[in-house]
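Asker: One file: entry.tsv (TSV, C-alpha atoms).
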chain	number	residue	atom	x	y	z
A	247	MET	CA	-38.86	14.94	-2.23
A	248	GLY	CA	-35.31	13.66	-2.78
A	249	ARG	CA	-33.28	14.90	-5.70
A	250	THR	CA	-32.81	12.58	-8.65
A	251	HIS	CA	-29.44	11.50	-9.96
A	252	ARG	CA	-29.86	13.78	-12.95
A	253	ASP	CA	-29.68	16.81	-10.69
A	254	SER	CA	-26.37	18.58	-10.36
A	255	TYR	CA	-24.89	18.95	-6.94
A	256	GLY	CA	-22.63	21.74	-5.91
A	257	GLY	CA	-21.86	24.44	-3.45
A	258	GLU	CA	-18.73	26.36	-4.22
A	259	MET	CA	-15.84	26.53	-1.77
A	260	SER	CA	-14.61	29.88	-0.59
A	261	THR	CA	-11.52	31.24	-2.31
A	262	SER	CA	-9.25	30.42	0.64
A	263	SER	CA	-10.69	26.90	1.01
A	264	SER	CA	-10.36	26.33	-2.73
A	265	LEU	CA	-6.72	27.43	-2.73
A	266	ILE	CA	-5.86	25.14	0.19
A	267	PHE	CA	-7.84	22.24	-1.28
A	268	TYR	CA	-6.18	22.30	-4.70
A	269	CYS	CA	-2.74	22.68	-3.14
A	270	LEU	CA	-3.47	19.52	-1.14
A	271	VAL	CA	-4.74	17.79	-4.29
A	272	PHE	CA	-1.55	18.74	-6.15
A	273	LEU	CA	0.58	17.37	-3.32
A	274	ALA	CA	-1.50	14.18	-3.09
A	275	GLU	CA	-1.19	13.58	-6.85
A	276	ILE	CA	2.58	14.03	-6.70
A	277	LEU	CA	2.74	11.53	-3.85
A	278	MET	CA	0.48	8.95	-5.53
A	279	PHE	CA	2.15	9.08	-8.93
A	280	GLY	CA	5.59	9.36	-7.31
A	281	LEU	CA	4.94	6.39	-5.04
A	282	LEU	CA	3.74	4.21	-7.93
A	283	SER	CA	6.82	5.18	-9.98
A	284	LEU	CA	9.15	4.56	-7.06
A	285	VAL	CA	7.80	1.11	-6.24
A	286	LEU	CA	8.17	0.13	-9.92
A	287	PHE	CA	11.75	1.43	-9.96
A	288	TRP	CA	12.52	-0.41	-6.72
A	289	VAL	CA	11.33	-3.84	-7.84
A	290	VAL	CA	12.85	-3.56	-11.32
A	291	TYR	CA	16.22	-2.05	-10.37
A	292	TYR	CA	16.86	-3.63	-6.96
A	293	ARG	CA	14.63	-6.72	-6.86
A	294	GLY	CA	15.22	-8.11	-10.37
A	295	GLY	CA	11.94	-7.27	-12.09
A	296	PHE	CA	8.97	-9.55	-12.69
A	297	ALA	CA	8.35	-13.21	-13.50
A	298	TRP	CA	5.59	-15.71	-12.91
A	299	ARG	CA	5.70	-19.12	-11.21
A	300	GLU	CA	8.98	-20.09	-12.88
A	301	ASP	CA	10.71	-17.69	-10.47
A	302	VAL	CA	8.70	-17.16	-7.28
A	303	THR	CA	11.13	-14.56	-5.94
A	304	LYS	CA	10.39	-12.31	-8.90
A	305	GLU	CA	6.71	-13.28	-8.86
A	306	PHE	CA	6.51	-11.72	-5.40
A	307	ASN	CA	7.49	-8.38	-6.96
A	308	TYR	CA	3.98	-8.06	-8.37
A	309	HIS	CA	2.67	-7.94	-4.80
A	310	PRO	CA	3.93	-4.51	-3.65
A	311	VAL	CA	3.36	-2.90	-7.05
A	312	LEU	CA	-0.22	-4.12	-7.46
A	313	MET	CA	-1.19	-3.51	-3.84
A	314	ILE	CA	0.04	0.08	-4.07
A	315	CYS	CA	-1.75	0.44	-7.39
A	316	GLY	CA	-5.03	-0.98	-6.07
A	317	PHE	CA	-5.27	0.22	-2.48
A	318	VAL	CA	-3.45	3.55	-2.75
A	319	PHE	CA	-3.59	4.78	-6.36
A	320	PHE	CA	-7.03	3.63	-7.53
A	321	MET	CA	-8.76	3.68	-4.15
A	322	GLY	CA	-7.23	7.04	-3.27
A	323	HIS	CA	-8.52	8.57	-6.49
A	324	ALA	CA	-11.92	6.88	-6.04
A	325	MET	CA	-12.26	8.51	-2.62
A	326	LEU	CA	-11.43	11.94	-4.02
A	327	VAL	CA	-13.88	11.80	-6.94
A	328	TYR	CA	-16.71	13.50	-5.08
A	329	ARG	CA	-14.37	16.33	-4.03
A	330	LEU	CA	-12.47	16.81	-7.29
A	331	PHE	CA	-15.18	16.73	-9.98
A	332	ARG	CA	-17.31	19.49	-8.58
A	333	CYS	CA	-19.04	20.33	-11.86
A	334	CYS	CA	-20.36	16.78	-12.37
A	335	ASN	CA	-23.80	15.58	-11.33
A	336	LYS	CA	-24.08	12.83	-8.74
A	337	LEU	CA	-24.59	9.96	-11.19
A	338	THR	CA	-21.49	10.86	-13.23
A	339	ALA	CA	-19.36	11.09	-10.09
A	340	LYS	CA	-20.81	7.82	-8.82
A	341	ILE	CA	-19.97	6.00	-12.08
A	342	LEU	CA	-16.37	7.25	-11.97
A	343	HIS	CA	-16.11	6.37	-8.27
A	344	THR	CA	-17.35	2.82	-8.98
A	345	PHE	CA	-15.07	2.44	-12.02
A	346	LEU	CA	-11.97	3.35	-10.00
A	347	TYR	CA	-12.95	0.94	-7.22
A	348	LEU	CA	-13.45	-1.83	-9.77
A	349	MET	CA	-10.04	-1.07	-11.28
A	350	ALA	CA	-8.54	-1.84	-7.87
A	351	VAL	CA	-10.13	-5.30	-7.70
A	352	PRO	CA	-7.91	-7.18	-10.23
A	353	CYS	CA	-4.82	-5.49	-8.78
A	354	ILE	CA	-5.64	-6.72	-5.26
A	355	VAL	CA	-6.64	-10.23	-6.44
A	356	VAL	CA	-3.46	-10.79	-8.48
A	357	ALA	CA	-1.29	-9.29	-5.72
A	358	THR	CA	-2.82	-11.72	-3.22
A	359	ILE	CA	-2.25	-14.71	-5.53
A	360	THR	CA	1.39	-13.80	-6.07
A	361	VAL	CA	2.20	-13.53	-2.36
A	362	PHE	CA	0.68	-16.96	-1.65
A	363	ASP	CA	2.55	-18.43	-4.64
A	364	SER	CA	5.82	-16.92	-3.46
A	365	HIS	CA	5.34	-18.66	-0.10
A	366	ASN	CA	3.83	-22.00	-1.17
A	367	LEU	CA	6.04	-22.71	-4.21
A	368	ARG	CA	9.34	-22.13	-2.46
A	369	SER	CA	11.51	-24.99	-1.33
A	370	PRO	CA	11.00	-25.24	1.58
A	371	PRO	CA	7.67	-23.39	1.68
A	372	ILE	CA	7.24	-20.28	3.82
A	373	PRO	CA	4.32	-20.25	6.30
A	374	ASN	CA	1.36	-18.07	5.39
A	375	LEU	CA	-0.54	-15.52	7.48
A	376	TYR	CA	1.71	-15.47	10.53
A	377	SER	CA	2.97	-11.87	10.50
A	378	LEU	CA	1.41	-8.60	11.59
A	379	HIS	CA	1.56	-7.46	7.96
A	380	SER	CA	-0.47	-10.44	6.76
A	381	TRP	CA	-3.08	-10.10	9.52
A	382	LEU	CA	-3.57	-6.42	8.71
A	383	GLY	CA	-3.74	-7.37	5.04
A	384	VAL	CA	-6.55	-9.87	5.61
A	385	ILE	CA	-8.55	-7.27	7.58
A	386	THR	CA	-7.98	-4.62	4.90
A	387	ILE	CA	-9.00	-6.90	2.02
A	388	GLY	CA	-12.07	-8.00	3.99
A	389	LEU	CA	-13.15	-4.40	4.59
A	390	PHE	CA	-12.51	-3.54	0.94
A	391	ALA	CA	-14.70	-6.44	-0.20
A	392	LEU	CA	-17.43	-5.43	2.25
A	393	GLN	CA	-17.29	-1.84	0.98
A	394	LEU	CA	-17.67	-3.09	-2.58
A	395	VAL	CA	-20.69	-5.28	-1.78
A	396	VAL	CA	-22.45	-2.67	0.37
A	397	GLY	CA	-21.73	0.09	-2.13
A	398	PHE	CA	-23.09	-1.93	-5.03
A	399	PHE	CA	-26.22	-2.98	-3.11
A	400	SER	CA	-27.09	0.35	-1.56
A	401	PHE	CA	-26.11	2.81	-4.28
A	402	TRP	CA	-26.81	0.83	-7.46
A	403	LEU	CA	-29.18	-2.07	-6.81
A	404	LEU	CA	-31.55	0.01	-4.68
A	405	LEU	CA	-31.84	2.59	-7.48
A	406	CYS	CA	-34.49	0.27	-8.92
A	407	CYS	CA	-36.71	2.03	-6.39
A	408	GLU	CA	-34.91	5.36	-6.20
A	409	GLN	CA	-37.53	7.49	-4.47
A	410	GLY	CA	-38.61	4.78	-2.05
A	411	THR	CA	-35.09	4.07	-0.83
A	412	VAL	CA	-33.64	7.59	-0.82
A	413	ARG	CA	-33.60	7.92	2.98
A	414	PHE	CA	-32.07	4.49	3.46
A	415	ARG	CA	-29.36	5.16	0.88
A	416	SER	CA	-28.66	8.61	2.31
A	417	GLY	CA	-28.22	7.06	5.76
A	418	LEU	CA	-25.69	4.59	4.38
A	419	VAL	CA	-23.54	7.22	2.66
A	420	PRO	CA	-21.71	8.47	5.80
A	421	VAL	CA	-21.18	4.86	6.93
A	422	HIS	CA	-19.78	3.93	3.52
A	423	ALA	CA	-17.54	7.03	3.47
A	424	THR	CA	-16.26	6.44	7.01
A	425	PHE	CA	-15.37	2.82	6.34
A	426	GLY	CA	-13.72	3.89	3.08
A	427	ILE	CA	-11.38	6.14	5.05
A	428	ILE	CA	-10.75	3.37	7.60
A	429	THR	CA	-9.94	0.89	4.83
A	430	PHE	CA	-7.58	3.34	3.14
A	431	MET	CA	-5.71	4.06	6.37
A	432	LEU	CA	-5.51	0.34	7.18
A	433	ALA	CA	-4.07	-0.21	3.69
A	434	ILE	CA	-1.42	2.44	4.45
A	435	ALA	CA	-0.54	0.76	7.77
A	436	THR	CA	-0.40	-2.66	6.10
A	437	ALA	CA	1.89	-1.40	3.34
A	438	VAL	CA	4.26	0.27	5.82
A	439	THR	CA	4.57	-2.94	7.87
A	440	GLY	CA	5.12	-4.82	4.60
A	441	TYR	CA	7.98	-2.54	3.59
A	442	THR	CA	9.57	-2.96	7.01
A	443	GLU	CA	9.22	-6.74	6.85
A	444	LYS	CA	10.69	-6.86	3.34
A	445	ALA	CA	13.60	-4.64	4.37
A	446	PHE	CA	14.56	-6.92	7.29
A	447	PHE	CA	14.22	-10.09	5.19
A	448	SER	CA	15.95	-8.84	2.03
A	449	LEU	CA	18.57	-6.30	3.07
A	450	ARG	CA	21.17	-8.78	4.26
A	451	ASP	CA	24.85	-9.27	3.59
A	452	PRO	CA	25.05	-12.08	0.96
A	453	GLU	CA	27.94	-13.78	2.80
A	454	THR	CA	27.28	-13.29	6.51
A	455	LYS	CA	23.46	-12.95	6.24
A	456	GLU	CA	23.73	-10.00	8.61
A	457	ILE	CA	20.88	-7.49	8.37
A	458	ILE	CA	22.27	-4.36	6.70
A	459	TYR	CA	19.09	-2.27	6.77
A	460	SER	CA	20.61	0.00	9.45
A	461	ARG	CA	23.47	0.99	7.11
A	462	MET	CA	20.92	3.06	5.15
A	463	GLU	CA	22.24	2.16	1.72
A	464	ASN	CA	20.39	3.29	-1.40
A	465	GLU	CA	17.75	0.56	-1.36
A	466	ALA	CA	16.97	1.21	2.29
A	467	ILE	CA	16.50	4.91	1.54
A	468	ILE	CA	14.13	4.09	-1.32
A	469	ILE	CA	12.10	1.75	0.92
A	470	ASN	CA	11.88	4.37	3.66
A	471	THR	CA	10.92	7.05	1.14
A	472	GLN	CA	8.01	4.93	-0.07
A	473	ALA	CA	6.85	4.40	3.52
A	474	ALA	CA	7.09	8.14	4.21
A	475	ALA	CA	5.02	8.90	1.09
A	476	LEU	CA	2.42	6.42	2.29
A	477	ALA	CA	2.29	8.10	5.69
A	478	ALA	CA	1.82	11.49	4.04
A	479	LEU	CA	-1.04	10.13	1.92
A	480	GLY	CA	-2.56	8.60	5.05
A	481	ILE	CA	-2.85	12.15	6.37
A	482	LEU	CA	-3.69	14.09	3.20
A	483	VAL	CA	-6.44	11.97	1.63
A	484	PRO	CA	-8.58	11.52	4.79
A	485	LEU	CA	-8.06	15.23	5.53
A	486	MET	CA	-9.47	16.24	2.14
A	487	ILE	CA	-12.41	13.88	2.60
A	488	ALA	CA	-13.26	14.80	6.19
A	489	LEU	CA	-12.84	18.58	6.42
A	490	ARG	CA	-16.18	20.37	6.19
A	491	PRO	CA	-15.03	23.31	3.97
A	492	PHE	CA	-14.08	20.80	1.23
A	493	ARG	CA	-17.37	18.88	1.26
A	494	ARG	CA	-20.03	19.07	-1.41
A	495	ARG	CA	-23.22	20.81	-0.30
A	496	TRP	CA	-26.62	19.67	-1.43
A	497	SER	CA	-29.85	21.57	-1.11
A	498	ASP	CA	-31.30	18.31	0.21
A	499	ARG	CA	-30.30	18.08	3.88
A	500	LEU	CA	-30.31	14.29	3.75
A	501	THR	CA	-27.21	14.23	1.58
A	502	GLU	CA	-25.36	17.40	2.62
A	503	HIS	CA	-22.44	15.38	4.00
A	504	LEU	CA	-21.24	14.76	0.44
Would you mind writing the file out in structure tokens?
Answerer:
Amino acid sequence: MGRTHRDSYGGEMSTSSSLIFYCLVFLAEILMFGLLSLVLFWVVYYRGGFAWREDVTKEFNYHPVLMICGFVFFMGHAMLVYRLFRCCNKLTAKILHTFLYLMAVPCIVVATITVFDSHNLRSPPIPNLYSLHSWLGVITIGLFALQLVVGFFSFWLLLCCEQGTVRFRSGLVPVHATFGIITFMLAIATAVTGYTEKAFFSLRDPETKEIIYSRMENEAIIINTQAAALAALGILVPLMIALRPFRRRWSDRLTEHL
């Protein structure tokens, strides 16, 4: 018989695994909070801050901040919930996981609106969805939406018949987890291409319009630092999710992959 959601799940890590895991968590938290702080500093100090449709250049500034907040900060923490809160039962961890995913939704929606506004409301307008960054963005948002729908259906809606659907839900967990990692890594790749695109478009000499990105002035260093932090998170977070010593162990073999 499958375990109910009131049952605790556990399985302690060894001392060495625990030490490595929490060192990685500490580093990941520094990177996530540091990245969010750095992108805010960048858009406020170098890009003029925020506005709405009265100034589409500043409206665009919501895009990098909210995408980092949604896809990296909230989604990154949502992915780590089942590893971090080891004393919680499954239902508590699942509620927190869902809450963090839902927190990412308005960030991603508003960020998408602002980038389309910043293109369409310019004079002359800028074409939409032509760059590698935008194509990767569409794929990433699509996978995120699919994850949300499948997760809600399989792990919440099907709880109406918990015992009857336990095998089906257990079979979907590794698929859901794998596509979560894929979506997160695609979000990292999309953000890095976005930073590169923004650097080439914005870091220009105001008189000659020459690209000055290669001079590595302060703003270029800040952009590159954000991209490097993203790359580090693209390694750390999937590593903490995928490595077997860090996984939760259930007495029920059907769900031992958690």
Asker: Choose the residue, out of A:Asn307, A:Val356, A:Gly480, A:Phe446, that has the smallest atom-to-atom separation from Tyr459 of chain A; count only C-alpha atoms.
Answerer: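 Once distances to Tyr459 of chain A are computed over only C-alpha atoms, the minimum belongs to A:Phe446.
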Asker: Enter the distance from atom CA of Glu465 of chain A to atom CA of Val384 of chain A, in Å, rounded to one decimal.
Answerer: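 Computed distance, atom CA of Glu465 of chain A to atom CA of Val384 of chain A, equals 27.3 Å.
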Asker: Using only C-alpha atoms, find the one residue out of A:Val318, A:Val419, A:Ile387, A:Ala324 that sits nearest to Val438 of chain A.
Answerer: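 Among the listed residues, the smallest separation from Val438 of chain A belongs to A:Val318.
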Asker: Using all atoms listed in the file, which residues sit within 12 Å of Ile276 of chain A once same-chain residues fewer than 6 positions away are excluded, as a ChimeraX atom specification?
Answerer: /A:269-270,282-284,319,475-476,478-479,482
Asker: Considering only C-alpha atoms, return as a list in words whatever protein or nucleic-acid residues lie within 10 Å of Leu432 of chain A, sequence-local ones (same chain, fewer than 2 positions apart) excluded.
Answerer: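 Residues near the query, excluding close chain neighbours: Phe317, Leu382, Gly383, Ile385, Thr386, Ile387, Leu389, Gly426, Ile427, Ile428, Thr429, Phe430, Ile434, Ala435, Thr436, Ala437, Val438 and Gly480 of chain A.
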Asker: Using all atoms listed in the file, which protein or nucleic acid residues come within 9 Å of Ile457 of chain A? Drop anything in the same chain fewer than 6 positions from it, and give the result as an MDAnalysis selection string.
Answerer: chainID A and resid 445:451
Asker: Those same residues, written as a tab-separated table (two decimals), keeping the file's coordinate frame with C-alpha atoms?
Answerer:
chain	number	residue	atom	x	y	z
A	445	ALA	CA	13.60	-4.64	4.37
A	446	PHE	CA	14.56	-6.92	7.29
A	447	PHE	CA	14.22	-10.09	5.19
A	448	SER	CA	15.95	-8.84	2.03
A	449	LEU	CA	18.57	-6.30	3.07
A	450	ARG	CA	21.17	-8.78	4.26
A	451	ASP	CA	24.85	-9.27	3.59
Asker: What is the distance between atom CA of Ala297 of chain A and atom CA of Val311 of chain A, in Å to one decimal?
Answerer: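 So the answer is 13.1 Å.
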Asker: In Å to one decimal, how far is atom CA of Cys334 of chain A from atom CA of Ala423 of chain A?
Answerer: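 Distance between the two atoms: 18.8 Å.
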Asker: I want to know what sits within 7 Å of segment 325-330 of chain A, based on only C-alpha atoms, with residues of the same chain fewer than 3 positions away left out; could you give that as an mmCIF file with C-alpha atoms, keeping the file's coordinate frame?
Answerer:
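Listed below is the output, selection30.cif:
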data_model
loop_
_atom_site.group_PDB
_atom_site.id
_atom_site.type_symbol
_atom_site.label_atom_id
_atom_site.label_comp_id
_atom_site.auth_asym_id
_atom_site.auth_seq_id
_atom_site.Cartn_x
_atom_site.Cartn_y
_atom_site.Cartn_z
ATOM 1 C CA MET A 321 -8.760 3.680 -4.150
ATOM 2 C CA GLY A 322 -7.230 7.040 -3.270
ATOM 3 C CA ALA A 339 -19.360 11.090 -10.090
ATOM 4 C CA HIS A 343 -16.110 6.370 -8.270
ATOM 5 C CA ILE A 487 -12.410 13.880 2.600
ATOM 6 C CA PHE A 492 -14.080 20.800 1.230
ATOM 7 C CA ARG A 493 -17.370 18.880 1.260
ATOM 8 C CA ARG A 494 -20.030 19.070 -1.410
#
Asker: Looking at A:Phe287, A:Phe306, A:Phe279, A:Phe425, which one is nearest to Asn366 of chain A, with distances taken over all atoms listed in the file?
Answerer: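 Between A:Phe287, A:Phe306, A:Phe279, A:Phe425, the residue approaching Asn366 of chain A most closely is A:Phe306.
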Asker: Identify which of the residues A:Leu367, A:Ile372, A:Met313, A:Leu281 lies closest to Val355 of chain A, counting only C-alpha atoms when measuring atom-to-atom distances.
Answerer: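 Selected residue with least distance to Val355 of chain A: A:Met313.
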Asker: Could you check the closest approach to Thr471 of chain A for each of A:Met259, A:Leu348, A:Leu418, A:Leu277 and tell me which residue wins, using only C-alpha atoms?
Answerer: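 Of all the options, A:Leu277 lies closest to Thr471 of chain A.
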